[in-house]
Amino acid sequence: MAKESELQLSSRLSDFTLKDEPASELDSGKFGCAHYRRKCKIRAPCCGEIFGCRHCHNEAKNSLDLDPLLRHDIPRHQVKKVICSLCGTEQDVRQHCINCGVCMGKYFCQKCKFFDDEVSKGQYHCDECGICRTGGKENFFHCNKCGCCYSKVIKDAHHCVERAMHHNCPICFEFLFETMKDITILPCGHTIHLECLQEMKQHFRYSCPICSKSIGDMSNLWRKLDQVVAATPMPEIYRNKKVWILCNDCGATSEVHFHVVGHKCLKCKSYNTRQIQGGPAVSSCRSRIDEVVQ
């Protein structure tokens, strides 16, 4: 009986494809929305409206044109009804349409109520994350402390930060855990959108927006600053003046000679420092770093 049912379903799908929808159109990508290629829409359990996907819902229902009290995100795991894009049949969440038999998504996750025809993304469901991710399960591992899936390339090298992905991007404030944009992990363990990091660099910002640690190997820049400091003698009144500094990179405190260009950590040799006691208030050498980089 099971085989007979499968044959009947296959036959019905073939007949439908031939009579009502050319195979080339089924695979052309005209179905779906701006976010996914799929052959169904979802009925939002929160507001009862129909949308192409959860992102379509969230964009519409978080519009600045709406009353702030009415804005909301869709509870993705509570979606119970989908509408076939070909025949318009509304039905319980399932991969194949109960009426016309079409596959509404080559990748289908019953847990996330998620459909997608672009299987080249390498979608997989992570039970620990509780959502579907892309990139191929064989290429990722779930870090229980960080609370997210990371590339196996950094499995033994990344710095763990408690629930590192469960916060907003420190630049654009989009929630990172569910973002569709590329994310990068800084050496300190904090996460940020890759495009936001690139924009930071364009504005000569080389420290983590959260903890202020350097975002990469700055040793070449520190050597250039050594040269600038050596070429910039301080006035006699400040020549023997000393101040206490805190290093943003290693956390050490040092007593160093005051200099308008910047203050070098005696432990790790970084100029990513802040003045914490004594002398004129020069909190960092950021402006001078900008000049050296340019």
# chains A, B, ... in the order shown; residues from 1 in each chain; ligands from 1
>>> residues_around(residues="stretch 190-206 of chain A", least_positions_apart="5", cutoff="9 Å", atoms="only C-alpha atoms", output="NGL selection string")
:A and (159-161 or 164-165 or 167-172 or 174 or 176 or 179 or 181-185 or 211-216 or 218 or 286 or 289-290 or 293-294)
>>> residues_around(residues="stretch 228-231 of chain A", least_positions_apart="2", cutoff="10 Å", atoms="only C-alpha atoms", output="PyMOL selection string")
chain A and resi 222-226+233-234+259-264+288+292
>>> closest_residue(among="A:Thr273, A:Lys113, A:Lys39, A:Ala44", to="A:Cys100", atoms="only C-alpha atoms")
A:Lys39
>>> select_by_dssp(residues="stretch 38-127 of chain A", states="alpha helix (DSSP H)", output="PyMOL selection string")
chain A and resi 54-61
>>> closest_residue(among="A:Cys109, A:Val243, A:Ile154, A:Val102", to="A:Leu86", atoms="only C-alpha atoms")
A:Val102
>>> residues_around(residues="A:Lys41", least_positions_apart="4", cutoff="8 Å", atoms="only C-alpha atoms", output="list in words")
Gly32, Ile50, Phe51, Gly52, Cys53, Val82, Ile83, Cys84 and Ser85 of chain A
>>> closest_residue(among="A:His158, A:His166, A:Lys137, A:Lys152", to="A:Cys188", atoms="only C-alpha atoms")
A:His158
